>>> print(open('run-v5.tsv').read())   # TSV, C-alpha atoms (C1' of nucleotides) and all ligand atoms
chain	number	residue	atom	x	y	z
A	1069	MET	CA	46.80	-1.18	5.11
A	1070	GLY	CA	44.14	1.44	4.36
A	1071	SER	CA	44.77	4.89	5.67
A	1072	THR	CA	41.65	5.57	7.77
A	1073	MET	CA	39.34	2.59	8.10
A	1074	PRO	CA	40.79	-0.86	8.47
A	1075	GLY	CA	38.34	-3.39	7.09
A	1076	ALA	CA	36.44	-0.72	5.19
A	1077	SER	CA	34.75	-1.45	1.88
A	1078	PRO	CA	36.39	0.78	-0.68
A	1079	ASP	CA	34.10	-0.74	-3.30
A	1080	PHE	CA	30.94	0.48	-1.67
A	1081	THR	CA	32.48	3.72	-0.56
A	1082	ALA	CA	33.39	4.53	-4.14
A	1083	ARG	CA	30.05	3.37	-5.47
A	1084	LEU	CA	28.16	5.59	-3.07
A	1085	ARG	CA	30.36	8.54	-3.81
A	1086	ALA	CA	29.87	8.00	-7.52
A	1087	ALA	CA	26.13	8.12	-6.90
A	1088	GLY	CA	26.49	11.46	-5.16
A	1089	LEU	CA	25.95	10.05	-1.68
A	1090	ARG	CA	28.30	10.42	1.26
A	1091	PRO	CA	29.58	7.02	2.23
A	1092	THR	CA	28.41	7.09	5.82
A	1093	ARG	CA	28.82	3.98	7.96
A	1094	GLN	CA	25.10	3.33	7.79
A	1095	ARG	CA	24.89	3.61	4.02
A	1096	VAL	CA	27.96	1.46	3.60
A	1097	ALA	CA	26.52	-1.21	5.90
A	1098	LEU	CA	23.26	-1.21	3.96
A	1099	ALA	CA	25.00	-1.18	0.58
A	1100	ARG	CA	27.08	-4.15	1.66
A	1101	LEU	CA	23.98	-6.12	2.56
A	1102	LEU	CA	22.22	-5.12	-0.62
A	1103	PHE	CA	24.97	-5.40	-3.20
A	1104	GLU	CA	27.70	-7.75	-2.03
A	1105	SER	CA	25.98	-10.93	-3.11
A	1106	GLY	CA	23.47	-11.64	-5.89
A	1107	HIS	CA	20.33	-9.71	-6.69
A	1108	ARG	CA	17.86	-9.20	-3.89
A	1109	HIS	CA	14.33	-8.01	-3.19
A	1110	VAL	CA	13.95	-6.39	0.21
A	1111	THR	CA	11.45	-4.34	2.12
A	1112	ALA	CA	12.50	-1.58	4.50
A	1113	GLU	CA	11.42	-3.76	7.39
A	1114	SER	CA	13.29	-6.86	6.22
A	1115	LEU	CA	16.47	-4.91	5.59
A	1116	HIS	CA	16.16	-3.27	8.96
A	1117	VAL	CA	15.90	-6.64	10.71
A	1118	GLU	CA	18.94	-7.77	8.78
A	1119	VAL	CA	21.12	-4.77	9.49
A	1120	LYS	CA	20.24	-4.81	13.17
A	1121	SER	CA	22.04	-8.12	13.54
A	1122	THR	CA	25.22	-6.42	12.37
A	1123	GLN	CA	28.06	-4.57	14.03
A	1124	MET	CA	26.43	-1.39	12.72
A	1125	PRO	CA	22.76	-1.24	13.64
A	1126	VAL	CA	20.86	1.43	11.77
A	1127	SER	CA	17.58	3.11	12.61
A	1128	LEU	CA	14.49	2.31	10.61
A	1129	ALA	CA	14.24	5.93	9.44
A	1130	THR	CA	17.72	5.66	7.98
A	1131	VAL	CA	16.83	2.44	6.19
A	1132	TYR	CA	13.90	4.23	4.58
A	1133	ASN	CA	16.05	7.24	3.74
A	1134	ALA	CA	18.78	5.09	2.23
A	1135	LEU	CA	16.40	2.95	0.17
A	1136	ASN	CA	14.74	6.03	-1.26
A	1137	GLN	CA	18.08	7.67	-1.98
A	1138	PHE	CA	19.51	4.54	-3.56
A	1139	ARG	CA	16.39	4.31	-5.70
A	1140	ASP	CA	16.62	7.95	-6.73
A	1141	ALA	CA	20.28	7.43	-7.58
A	1142	GLY	CA	19.43	4.46	-9.81
A	1143	LEU	CA	21.11	1.88	-7.57
A	1144	LEU	CA	17.77	0.24	-6.79
A	1145	ARG	CA	14.42	-0.01	-8.40
A	1146	GLU	CA	11.10	-0.07	-6.57
A	1147	VAL	CA	8.63	-2.83	-7.36
A	1148	VAL	CA	4.96	-2.55	-6.50
A	1149	VAL	CA	3.23	-5.90	-6.26
A	1150	ALA	CA	1.00	-5.72	-3.21
A	1151	PRO	CA	-0.88	-2.91	-1.56
A	1152	GLY	CA	0.73	-1.39	1.47
A	1153	ARG	CA	4.28	-2.61	1.07
A	1154	SER	CA	7.16	-1.56	-1.15
A	1155	TYR	CA	9.83	-3.92	-2.41
A	1156	PHE	CA	13.23	-2.65	-3.46
A	1157	ASP	CA	15.11	-4.56	-6.09
A	1158	THR	CA	18.87	-4.59	-6.51
A	1159	ASN	CA	18.41	-5.77	-10.07
A	1160	THR	CA	18.05	-2.55	-12.04
A	1161	GLY	CA	18.25	-4.18	-15.46
A	1162	HIS	CA	15.31	-5.11	-17.63
A	1163	HIS	CA	13.45	-8.00	-16.11
A	1164	HIS	CA	10.06	-9.03	-14.79
A	1165	HIS	CA	8.69	-10.78	-11.73
A	1166	PHE	CA	6.93	-13.80	-10.40
A	1167	PHE	CA	5.00	-12.95	-7.29
A	1168	VAL	CA	4.08	-15.87	-5.06
A	1169	GLU	CA	0.78	-14.77	-3.63
A	1170	PRO	CA	0.50	-16.12	-0.14
A	1171	ASP	CA	4.07	-15.58	1.04
A	1172	GLY	CA	4.94	-12.42	-0.86
A	1173	ALA	CA	8.10	-13.84	-2.42
A	1174	LEU	CA	9.42	-12.22	-5.59
A	1175	HIS	CA	11.43	-14.02	-8.28
A	1176	ASP	CA	13.09	-12.40	-11.23
A	1177	PHE	CA	12.88	-13.58	-14.76
A	1178	PRO	CA	14.76	-12.06	-17.67
A	1179	SER	CA	12.80	-9.95	-20.09
A	1180	ASP	CA	14.89	-10.76	-23.12
A	1181	LYS	CA	13.06	-14.01	-23.88
A	1182	VAL	CA	9.70	-12.41	-23.27
A	1183	THR	CA	8.00	-10.72	-26.16
A	1184	ILE	CA	5.17	-8.31	-25.61
A	1185	ALA	CA	3.53	-7.53	-28.93
A	1186	GLY	CA	0.53	-5.42	-29.77
A	1187	LEU	CA	0.71	-2.91	-26.95
A	1188	PRO	CA	-1.46	0.07	-27.82
A	1189	ALA	CA	0.11	3.49	-28.14
A	1190	PRO	CA	0.37	5.48	-24.91
A	1191	PRO	CA	-2.55	7.85	-24.23
A	1192	LYS	CA	-2.27	11.26	-25.88
A	1193	GLY	CA	0.26	13.53	-24.28
A	1194	THR	CA	2.14	10.75	-22.50
A	1195	ARG	CA	5.44	8.97	-23.11
A	1196	LEU	CA	6.23	5.41	-22.22
A	1197	SER	CA	8.14	5.08	-19.02
A	1198	ARG	CA	8.34	1.37	-18.21
A	1199	VAL	CA	6.43	-1.84	-18.81
A	1200	ASP	CA	6.04	-4.03	-15.76
A	1201	VAL	CA	4.95	-7.62	-16.06
A	1202	ILE	CA	3.94	-9.32	-12.83
A	1203	VAL	CA	3.12	-12.99	-13.06
A	1204	ARG	CA	1.10	-13.85	-10.01
A	1205	VAL	CA	1.28	-17.47	-8.94
A	1206	ARG	CA	-0.11	-19.42	-6.01
A	1207	ARG	CA	0.90	-22.67	-4.32
B	913	MET	CA	-45.31	-1.41	-8.48
B	914	GLY	CA	-42.75	-3.21	-6.35
B	915	SER	CA	-44.00	-4.67	-3.13
B	916	THR	CA	-41.62	-3.19	-0.56
B	917	MET	CA	-39.19	-0.63	-1.98
B	918	PRO	CA	-40.42	1.87	-4.54
B	919	GLY	CA	-37.50	3.02	-6.65
B	920	ALA	CA	-35.38	0.07	-5.63
B	921	SER	CA	-32.84	-1.49	-7.99
B	922	PRO	CA	-33.90	-5.06	-8.49
B	923	ASP	CA	-30.90	-5.51	-10.79
B	924	PHE	CA	-28.37	-4.76	-8.10
B	925	THR	CA	-30.39	-6.43	-5.42
B	926	ALA	CA	-30.39	-9.65	-7.38
B	927	ARG	CA	-26.76	-9.32	-8.33
B	928	LEU	CA	-25.70	-8.88	-4.73
B	929	ARG	CA	-27.83	-11.76	-3.60
B	930	ALA	CA	-26.36	-13.96	-6.32
B	931	ALA	CA	-22.93	-13.07	-4.96
B	932	GLY	CA	-23.97	-14.20	-1.49
B	933	LEU	CA	-24.26	-10.67	-0.11
B	934	ARG	CA	-27.33	-9.18	1.53
B	935	PRO	CA	-28.58	-6.30	-0.56
B	936	THR	CA	-28.35	-3.64	2.11
B	937	ARG	CA	-29.07	-0.05	1.19
B	938	GLN	CA	-25.40	0.81	1.46
B	939	ARG	CA	-24.24	-2.04	-0.77
B	940	VAL	CA	-26.94	-1.28	-3.31
B	941	ALA	CA	-25.96	2.40	-3.37
B	942	LEU	CA	-22.31	1.48	-3.89
B	943	ALA	CA	-23.12	-1.17	-6.50
B	944	ARG	CA	-25.18	1.35	-8.39
B	945	LEU	CA	-22.30	3.80	-8.51
B	946	LEU	CA	-19.85	1.10	-9.47
B	947	PHE	CA	-21.81	-0.89	-12.00
B	948	GLU	CA	-24.57	1.17	-13.55
B	949	SER	CA	-22.38	2.86	-16.13
B	950	GLY	CA	-19.19	1.77	-17.89
B	951	HIS	CA	-16.10	0.29	-16.30
B	952	ARG	CA	-14.47	2.24	-13.52
B	953	HIS	CA	-11.34	2.40	-11.39
B	954	VAL	CA	-11.97	3.73	-7.90
B	955	THR	CA	-10.22	4.01	-4.59
B	956	ALA	CA	-12.05	3.63	-1.30
B	957	GLU	CA	-11.60	7.32	-0.72
B	958	SER	CA	-12.86	8.39	-4.14
B	959	LEU	CA	-15.90	6.15	-3.91
B	960	HIS	CA	-16.62	7.45	-0.44
B	961	VAL	CA	-16.57	11.05	-1.65
B	962	GLU	CA	-18.92	10.06	-4.44
B	963	VAL	CA	-21.42	8.17	-2.32
B	964	LYS	CA	-21.52	10.92	0.28
B	965	SER	CA	-23.13	13.23	-2.27
B	966	THR	CA	-26.01	10.78	-2.58
B	967	GLN	CA	-29.31	10.27	-0.84
B	968	MET	CA	-27.64	7.39	0.99
B	969	PRO	CA	-24.35	8.45	2.56
B	970	VAL	CA	-22.20	5.54	3.67
B	971	SER	CA	-19.39	5.43	6.20
B	972	LEU	CA	-15.83	4.99	5.02
B	973	ALA	CA	-15.55	1.70	6.91
B	974	THR	CA	-18.50	0.37	4.97
B	975	VAL	CA	-16.95	1.44	1.69
B	976	TYR	CA	-13.84	-0.53	2.58
B	977	ASN	CA	-15.91	-3.50	3.70
B	978	ALA	CA	-17.99	-3.46	0.53
B	979	LEU	CA	-15.02	-3.11	-1.81
B	980	ASN	CA	-13.26	-6.03	-0.15
B	981	GLN	CA	-16.41	-8.15	-0.22
B	982	PHE	CA	-17.16	-7.28	-3.84
B	983	ARG	CA	-13.60	-8.21	-4.70
B	984	ASP	CA	-13.81	-11.51	-2.81
B	985	ALA	CA	-17.09	-12.24	-4.58
B	986	GLY	CA	-15.48	-11.65	-7.98
B	987	LEU	CA	-17.50	-8.51	-8.73
B	988	LEU	CA	-14.36	-6.36	-8.64
B	989	ARG	CA	-10.69	-6.86	-9.11
B	990	GLU	CA	-7.96	-5.09	-7.19
B	991	VAL	CA	-5.17	-3.42	-9.12
B	992	VAL	CA	-1.89	-2.55	-7.49
B	993	VAL	CA	0.01	0.17	-9.29
B	994	ALA	CA	1.41	2.42	-6.61
B	995	PRO	CA	2.52	1.82	-3.07
B	996	GLY	CA	0.07	2.81	-0.39
B	997	ARG	CA	-3.13	2.95	-2.41
B	998	SER	CA	-5.46	0.30	-3.77
B	999	TYR	CA	-7.51	0.69	-6.91
B	1000	PHE	CA	-10.62	-1.38	-7.47
B	1001	ASP	CA	-11.61	-2.17	-11.00
B	1002	THR	CA	-15.13	-2.94	-12.17
B	1003	ASN	CA	-13.69	-4.57	-15.27
B	1004	THR	CA	-13.08	-8.14	-14.18
B	1005	GLY	CA	-12.33	-9.45	-17.66
B	1006	HIS	CA	-8.86	-9.94	-19.10
B	1007	HIS	CA	-7.23	-6.61	-19.69
B	1008	HIS	CA	-4.21	-4.56	-18.77
B	1009	HIS	CA	-3.47	-1.00	-17.68
B	1010	PHE	CA	-1.80	2.22	-18.52
B	1011	PHE	CA	-0.78	4.06	-15.39
B	1012	VAL	CA	-0.15	7.77	-15.80
B	1013	GLU	CA	2.58	8.36	-13.26
B	1014	PRO	CA	2.13	11.82	-11.87
B	1015	ASP	CA	-1.65	11.91	-11.57
B	1016	GLY	CA	-2.36	8.27	-10.77
B	1017	ALA	CA	-4.89	7.80	-13.56
B	1018	LEU	CA	-5.54	4.27	-14.80
B	1019	HIS	CA	-6.67	3.37	-18.33
B	1020	ASP	CA	-7.69	-0.06	-19.52
B	1021	PHE	CA	-6.51	-1.67	-22.64
B	1022	PRO	CA	-7.78	-5.00	-23.93
B	1023	SER	CA	-5.52	-7.98	-23.61
B	1024	ASP	CA	-6.74	-9.77	-26.70
B	1025	LYS	CA	-4.51	-7.81	-29.08
B	1026	VAL	CA	-1.54	-8.11	-26.74
B	1027	THR	CA	0.63	-11.17	-27.04
B	1028	ILE	CA	2.97	-12.14	-24.27
B	1029	ALA	CA	5.25	-14.88	-25.52
B	1030	GLY	CA	8.13	-16.64	-23.86
B	1031	LEU	CA	7.03	-16.43	-20.26
B	1032	PRO	CA	9.02	-18.92	-18.20
B	1033	ALA	CA	7.21	-21.69	-16.36
B	1034	PRO	CA	6.01	-20.80	-12.85
B	1035	PRO	CA	8.42	-21.66	-10.03
B	1036	LYS	CA	8.22	-25.24	-8.75
B	1037	GLY	CA	5.15	-25.95	-6.69
B	1038	THR	CA	3.19	-22.93	-7.96
B	1039	ARG	CA	0.35	-22.47	-10.42
B	1040	LEU	CA	-0.26	-19.45	-12.55
B	1041	SER	CA	-2.85	-17.12	-11.11
B	1042	ARG	CA	-2.82	-13.99	-13.27
B	1043	VAL	CA	-0.51	-11.99	-15.48
B	1044	ASP	CA	-0.61	-8.25	-14.91
B	1045	VAL	CA	0.89	-5.86	-17.40
B	1046	ILE	CA	1.25	-2.28	-16.22
B	1047	VAL	CA	2.43	0.20	-18.79
B	1048	ARG	CA	3.73	3.19	-16.89
B	1049	VAL	CA	3.66	6.44	-18.83
B	1050	ARG	CA	4.49	10.01	-17.93
B	1051	ARG	CA	3.45	13.36	-19.35
C	592	DA	C1'	41.41	21.03	14.28
C	593	DA	C1'	37.43	23.95	13.25
C	594	DG	C1'	33.41	25.29	10.73
C	595	DA	C1'	29.93	24.30	7.49
C	596	DA	C1'	26.95	21.07	5.57
C	597	DA	C1'	24.92	16.61	5.36
C	598	DT	C1'	23.25	12.69	7.94
C	599	DT	C1'	21.30	10.04	11.64
C	600	DT	C1'	18.06	9.29	15.14
C	601	DA	C1'	14.04	8.85	18.38
C	602	DG	C1'	9.85	9.87	18.48
C	603	DA	C1'	5.86	12.25	16.68
C	604	DA	C1'	2.92	12.58	12.79
C	605	DC	C1'	0.63	10.84	8.82
C	606	DG	C1'	-2.44	8.54	5.45
C	607	DA	C1'	-4.49	4.30	4.27
C	608	DT	C1'	-6.73	0.50	6.04
C	609	DT	C1'	-8.59	-2.57	9.61
C	610	DC	C1'	-10.62	-3.49	14.04
C	611	DT	C1'	-14.00	-3.07	18.00
C	612	DA	C1'	-18.18	-3.26	19.98
C	613	DA	C1'	-22.57	-1.19	20.17
C	614	DA	C1'	-26.65	0.14	17.41
C	615	DG	C1'	-29.34	-0.84	13.41
C	616	DA	C1'	-31.12	-3.48	9.37
C	617	DC	C1'	-32.40	-7.74	6.82
C	618	DT	C1'	-34.51	-12.30	6.66
C	619	DG	C1'	-37.22	-16.30	7.63
C	620	DC	C1'	-40.76	-17.96	10.42
C	621	DG	C1'	-44.89	-18.06	12.99
D	534	DC	C1'	-47.47	-8.52	10.48
D	535	DG	C1'	-44.03	-9.19	14.62
D	536	DC	C1'	-40.17	-11.32	16.46
D	537	DA	C1'	-35.77	-13.61	16.87
D	538	DG	C1'	-31.63	-14.51	14.94
D	539	DT	C1'	-28.07	-13.14	12.15
D	540	DC	C1'	-25.64	-10.02	9.53
D	541	DT	C1'	-24.30	-5.25	8.67
D	542	DT	C1'	-23.21	-0.59	9.65
D	543	DT	C1'	-20.93	2.81	12.19
D	544	DA	C1'	-17.89	6.00	14.91
D	545	DG	C1'	-13.99	5.96	16.77
D	546	DA	C1'	-9.86	3.65	18.19
D	547	DA	C1'	-6.12	1.00	16.63
D	548	DT	C1'	-2.66	-0.60	13.40
D	549	DC	C1'	0.63	-0.45	9.77
D	550	DG	C1'	3.88	1.27	6.62
D	551	DT	C1'	6.09	5.43	5.76
D	552	DT	C1'	7.52	10.27	6.31
D	553	DC	C1'	8.56	14.25	9.12
D	554	DT	C1'	10.82	17.05	12.89
D	555	DA	C1'	14.39	18.81	15.28
D	556	DA	C1'	18.29	17.90	17.97
D	557	DA	C1'	22.69	15.28	18.18
D	558	DT	C1'	26.33	13.32	15.43
D	559	DT	C1'	29.21	12.55	11.51
D	560	DT	C1'	31.44	13.76	7.31
D	561	DC	C1'	33.86	16.89	4.40
D	562	DT	C1'	36.57	20.96	3.32
D	563	DT	C1'	39.91	24.05	4.57
E	1301	MN	MN	8.87	5.63	-1.20
E	1302	MN	MN	-7.62	-4.97	0.99
E	1303	ZN	ZN	13.63	-8.12	-9.55
E	1304	ZN	ZN	-9.02	-1.93	-15.48
>>> encode(input="run-v5.tsv", output="structure tokens")
Amino acid sequence: MGSTMPGASPDFTARLRAAGLRPTRQRVALARLLFESGHRHVTAESLHVEVKSTQMPVSLATVYNALNQFRDAGLLREVVVAPGRSYFDTNTGHHHHFFVEPDGALHDFPSDKVTIAGLPAPPKGTRLSRVDVIVRVRR
Amino acid sequence: MGSTMPGASPDFTARLRAAGLRPTRQRVALARLLFESGHRHVTAESLHVEVKSTQMPVSLATVYNALNQFRDAGLLREVVVAPGRSYFDTNTGHHHHFFVEPDGALHDFPSDKVTIAGLPAPPKGTRLSRVDVIVRVRR
DNA sequence: AAGAAATTTAGAACGATTCTAAAGACTGCG
DNA sequence: CGCAGTCTTTAGAATCGTTCTAAATTTCTT
């Protein structure tokens, strides 16, 4: 058995360490929720609700800290679709989003079949950073 | 001369009335700032600063009310580019945006030269509402 | 195990936006 | 015009999402 933490998640521990983050219990618990299944879109509040119903409840401040750190480390990407609320996306690859207006649900779609042609050159003195396509839909 | 308000703006008065909004002095003052010259991108705060240096200062609450009403009436469109701040856009036609990351500046670009091909069909039970393209650039 | 450094936490603080309820303005009618 | 009715404005309080503070706890290194 493992030397220090039975039932630990060496995967997430290593992944956090590789990102330059100490694998604290809180960060491991959050990383498990975020990364152990498929891609997800969460808000700080939704992730906090989720982690509270766990063996390792985590304060809301820590959820915010972790999300920002994970984003800065490239483990997450932040998606802005609505004023006043940030979504964090575990899918860091190239893709775009459907945003379902009333409920606030986000759905990925791959960018490799999408062609954006005819974009003008960036304004003088600026370099392209990212192109976000948000397809807003309603029921 | 006009019958009741010398120096009034019949243009804006009529435009507000057509939108189902009473042409109050505050709304006329804001409409003048927003619509009398070319297209603009404003925040509630920036428009408030601007209108305060006018013969008709307007409270911040009224600026928020007016921007939301103008948006609901189709006179403005709301653009979401950064968490925690809403931009209102006097250009309600089809177009997209450059967003200059550090300073928060927005620049329009026309959508008629841009081709977006290969967008997947909207999720089941939803109808397309709008496609937003945000080209994020940095200095 | 001990010390140093990083992290977590509760609660306060913050900035943007909305709400409340009282005062004021606009409109239609006499 | 003058009034009543309705809508609008306003200051200030409240709310909401997020960040900050500073003290307690955990992690890491030796
Ligand atoms: Mn953030
Ligand atoms: Mn709004
Ligand atoms: Zn996504
Ligand atoms: Zn615009």
>>> atom_distance(input="run-v5.tsv", atom1="atom CA of B:Ala926", atom2="atom CA of B:Glu957")
26.2 Å
>>> residues_near_ligand(input="run-v5.tsv", ligand="ligand ZN 1304 (chain E)", cutoff="10 Å", atoms="all atoms listed in the file", output="list in words")
His951, Arg952, His953, Val954, Leu988, Arg989, Glu990, Val991, Tyr999, Phe1000, Asp1001, Thr1002, Asn1003, Thr1004, Gly1005, His1006, His1007, His1008, His1009, Phe1010, Leu1018, His1019, Asp1020, Phe1021 and Pro1022 of chain B
>>> atom_distance(input="run-v5.tsv", atom1="atom CA of A:Gly1193", atom2="atom CA of B:Asp1044")
23.7 Å
>>> residues_near_ligand(input="run-v5.tsv", ligand="ligand MN 1302 (chain E)", cutoff="12 Å", atoms="all atoms listed in the file", output="NGL selection string")
(:A and (1150-1152)) or (:B and (955-956 or 973 or 975-984 or 988-992 or 996-1000)) or (:C and (607-609))
>>> interface_residues(input="run-v5.tsv", of="chain D", to="chain B", cutoff="8 Å", atoms="only C-alpha atoms (C1' of nucleotides)", output="compact mmCIF listing (two decimals) with C-alpha atoms (C1' of nucleotides), keeping the file's coordinate frame")
# COMPACT_ATOMS: atom_id res chain seq x y z
C1' DT D 541 -24.30 -5.25 8.67
C1' DT D 542 -23.21 -0.59 9.65
C1' DT D 543 -20.93 2.81 12.19
>>> closest_residue(input="run-v5.tsv", among="A:Phe1167, A:Leu1101, A:Arg1093, A:Val1149", to="chain B", atoms="all atoms listed in the file")
A:Val1149
>>> interface_residues(input="run-v5.tsv", of="chain C", to="chain A", cutoff="9 Å", atoms="all atoms listed in the file", output="JSON, numbers by chain")
{"C": [597, 598, 599, 600, 601, 607, 608]}
>>> calpha_fit_and_write(input="run-v5.tsv", fixed="chain A", moving="chain B", output="compact mmCIF listing (two decimals) with C-alpha atoms, in the coordinates of the input")
# COMPACT_ATOMS: atom_id res chain seq x y z
CA MET B 913 46.88 -0.68 4.61
CA GLY B 914 44.15 1.89 4.10
CA SER B 915 44.80 5.30 5.51
CA THR B 916 41.72 5.92 7.66
CA MET B 917 39.38 2.93 7.92
CA PRO B 918 40.84 -0.54 8.30
CA GLY B 919 38.37 -3.08 6.99
CA ALA B 920 36.46 -0.46 5.05
CA SER B 921 34.75 -1.26 1.75
CA PRO B 922 36.34 0.95 -0.84
CA ASP B 923 34.03 -0.62 -3.43
CA PHE B 924 30.88 0.58 -1.76
CA THR B 925 32.42 3.81 -0.66
CA ALA B 926 33.28 4.65 -4.23
CA ARG B 927 29.95 3.46 -5.54
CA LEU B 928 28.05 5.64 -3.11
CA ARG B 929 30.21 8.62 -3.87
CA ALA B 930 29.69 8.09 -7.59
CA ALA B 931 25.96 8.17 -6.92
CA GLY B 932 26.30 11.52 -5.17
CA LEU B 933 25.82 10.07 -1.69
CA ARG B 934 28.21 10.45 1.22
CA PRO B 935 29.54 7.05 2.19
CA THR B 936 28.36 7.09 5.78
CA ARG B 937 28.81 3.99 7.89
CA GLN B 938 25.10 3.29 7.75
CA ARG B 939 24.86 3.59 3.97
CA VAL B 940 27.95 1.46 3.51
CA ALA B 941 26.55 -1.22 5.83
CA LEU B 942 23.27 -1.24 3.92
CA ALA B 943 24.99 -1.19 0.52
CA ARG B 944 27.09 -4.13 1.57
CA LEU B 945 24.03 -6.15 2.50
CA LEU B 946 22.23 -5.15 -0.66
CA PHE B 947 24.96 -5.42 -3.25
CA GLU B 948 27.72 -7.74 -2.12
CA SER B 949 25.98 -10.93 -3.18
CA GLY B 950 23.45 -11.68 -5.92
CA HIS B 951 20.29 -9.76 -6.69
CA ARG B 952 17.83 -9.26 -3.88
CA HIS B 953 14.30 -8.10 -3.15
CA VAL B 954 13.93 -6.48 0.26
CA THR B 955 11.45 -4.45 2.21
CA ALA B 956 12.50 -1.70 4.57
CA GLU B 957 11.47 -3.89 7.45
CA SER B 958 13.33 -6.97 6.26
CA LEU B 959 16.50 -5.01 5.60
CA HIS B 960 16.23 -3.38 8.99
CA VAL B 961 16.00 -6.75 10.72
CA GLU B 962 19.04 -7.87 8.77
CA VAL B 963 21.20 -4.84 9.46
CA LYS B 964 20.35 -4.89 13.15
CA SER B 965 22.20 -8.19 13.50
CA THR B 966 25.36 -6.48 12.28
CA GLN B 967 28.21 -4.62 13.90
CA MET B 968 26.54 -1.44 12.66
CA PRO B 969 22.87 -1.32 13.62
CA VAL B 970 20.91 1.33 11.76
CA SER B 971 17.63 2.99 12.65
CA LEU B 972 14.52 2.17 10.66
CA ALA B 973 14.23 5.78 9.52
CA THR B 974 17.69 5.56 8.03
CA VAL B 975 16.82 2.35 6.23
CA TYR B 976 13.86 4.11 4.65
CA ASN B 977 15.98 7.14 3.81
CA ALA B 978 18.71 5.01 2.26
CA LEU B 979 16.34 2.86 0.22
CA ASN B 980 14.63 5.94 -1.19
CA GLN B 981 17.95 7.62 -1.95
CA PHE B 982 19.40 4.49 -3.54
CA ARG B 983 16.28 4.24 -5.66
CA ASP B 984 16.47 7.90 -6.69
CA ALA B 985 20.13 7.40 -7.55
CA GLY B 986 19.29 4.44 -9.79
CA LEU B 987 21.01 1.88 -7.55
CA LEU B 988 17.69 0.20 -6.76
CA ARG B 989 14.32 -0.08 -8.35
CA GLU B 990 11.02 -0.16 -6.51
CA VAL B 991 8.56 -2.92 -7.31
CA VAL B 992 4.91 -2.62 -6.44
CA VAL B 993 3.15 -5.95 -6.18
CA ALA B 994 0.89 -5.71 -3.17
CA PRO B 995 -0.92 -2.85 -1.53
CA GLY B 996 0.70 -1.44 1.56
CA ARG B 997 4.24 -2.72 1.12
CA SER B 998 7.13 -1.66 -1.07
CA TYR B 999 9.79 -4.02 -2.35
CA PHE B 1000 13.18 -2.73 -3.41
CA ASP B 1001 15.05 -4.62 -6.05
CA THR B 1002 18.81 -4.64 -6.49
CA ASN B 1003 18.34 -5.83 -10.05
CA THR B 1004 17.96 -2.62 -12.01
CA GLY B 1005 18.20 -4.25 -15.42
CA HIS B 1006 15.25 -5.22 -17.59
CA HIS B 1007 13.39 -8.08 -16.03
CA HIS B 1008 10.00 -9.09 -14.73
CA HIS B 1009 8.59 -10.85 -11.68
CA PHE B 1010 6.76 -13.82 -10.38
CA PHE B 1011 4.82 -12.95 -7.27
CA VAL B 1012 3.84 -15.87 -5.07
CA GLU B 1013 0.54 -14.68 -3.66
CA PRO B 1014 0.22 -16.06 -0.18
CA ASP B 1015 3.79 -15.61 1.03
CA GLY B 1016 4.75 -12.45 -0.84
CA ALA B 1017 7.89 -13.92 -2.38
CA LEU B 1018 9.25 -12.29 -5.53
CA HIS B 1019 11.27 -14.10 -8.22
CA ASP B 1020 12.96 -12.48 -11.18
CA PHE B 1021 12.75 -13.68 -14.67
CA PRO B 1022 14.69 -12.19 -17.56
CA SER B 1023 12.81 -10.06 -20.02
CA ASP B 1024 14.93 -10.93 -23.03
CA LYS B 1025 13.08 -14.17 -23.77
CA VAL B 1026 9.71 -12.52 -23.18
CA THR B 1027 8.08 -10.78 -26.09
CA ILE B 1028 5.30 -8.31 -25.53
CA ALA B 1029 3.74 -7.48 -28.87
CA GLY B 1030 0.80 -5.30 -29.74
CA LEU B 1031 1.01 -2.79 -26.93
CA PRO B 1032 -1.07 0.26 -27.83
CA ALA B 1033 0.60 3.64 -28.12
CA PRO B 1034 0.84 5.63 -24.87
CA PRO B 1035 -2.03 8.05 -24.21
CA LYS B 1036 -1.68 11.47 -25.85
CA GLY B 1037 0.90 13.67 -24.22
CA THR B 1038 2.70 10.82 -22.43
CA ARG B 1039 5.95 8.97 -23.02
CA LEU B 1040 6.64 5.40 -22.14
CA SER B 1041 8.52 5.01 -18.89
CA ARG B 1042 8.59 1.29 -18.11
CA VAL B 1043 6.62 -1.87 -18.74
CA ASP B 1044 6.11 -4.05 -15.69
CA VAL B 1045 4.93 -7.61 -16.03
CA ILE B 1046 3.86 -9.29 -12.81
CA VAL B 1047 3.00 -12.94 -13.05
CA ARG B 1048 0.93 -13.77 -10.00
CA VAL B 1049 1.03 -17.41 -8.97
CA ARG B 1050 -0.43 -19.32 -6.06
CA ARG B 1051 0.47 -22.58 -4.37
>>> closest_atom_pairs(input="run-v5.tsv", of="chain D", to="ligand MN 1301 (chain E)", cutoff="12 Å", atoms="only C-alpha atoms (C1' of nucleotides) and all ligand atoms", output="JSON lines")
{"residue": "D:DG550", "atom": "C1'", "partner": "E:MN1301", "partner_atom": "MN", "distance": 10.2}
{"residue": "D:DT551", "atom": "C1'", "partner": "E:MN1301", "partner_atom": "MN", "distance": 7.5}
{"residue": "D:DT552", "atom": "C1'", "partner": "E:MN1301", "partner_atom": "MN", "distance": 8.9}
>>> residues_near_point(input="run-v5.tsv", point="(-14.5, 3.7, 16.1)", cutoff="10 Å", atoms="all atoms listed in the file", output="MDAnalysis selection string")
(chainID B and resid 973) or (chainID C and resid 610:612) or (chainID D and resid 543:547)
>>> residues_near_point(input="run-v5.tsv", point="(40.0, 23.9, 13.7)", cutoff="12 Å", atoms="only C-alpha atoms (C1' of nucleotides)", output="VMD selection string")
(chain C and resid 592 to 595) or (chain D and resid 562 to 563)
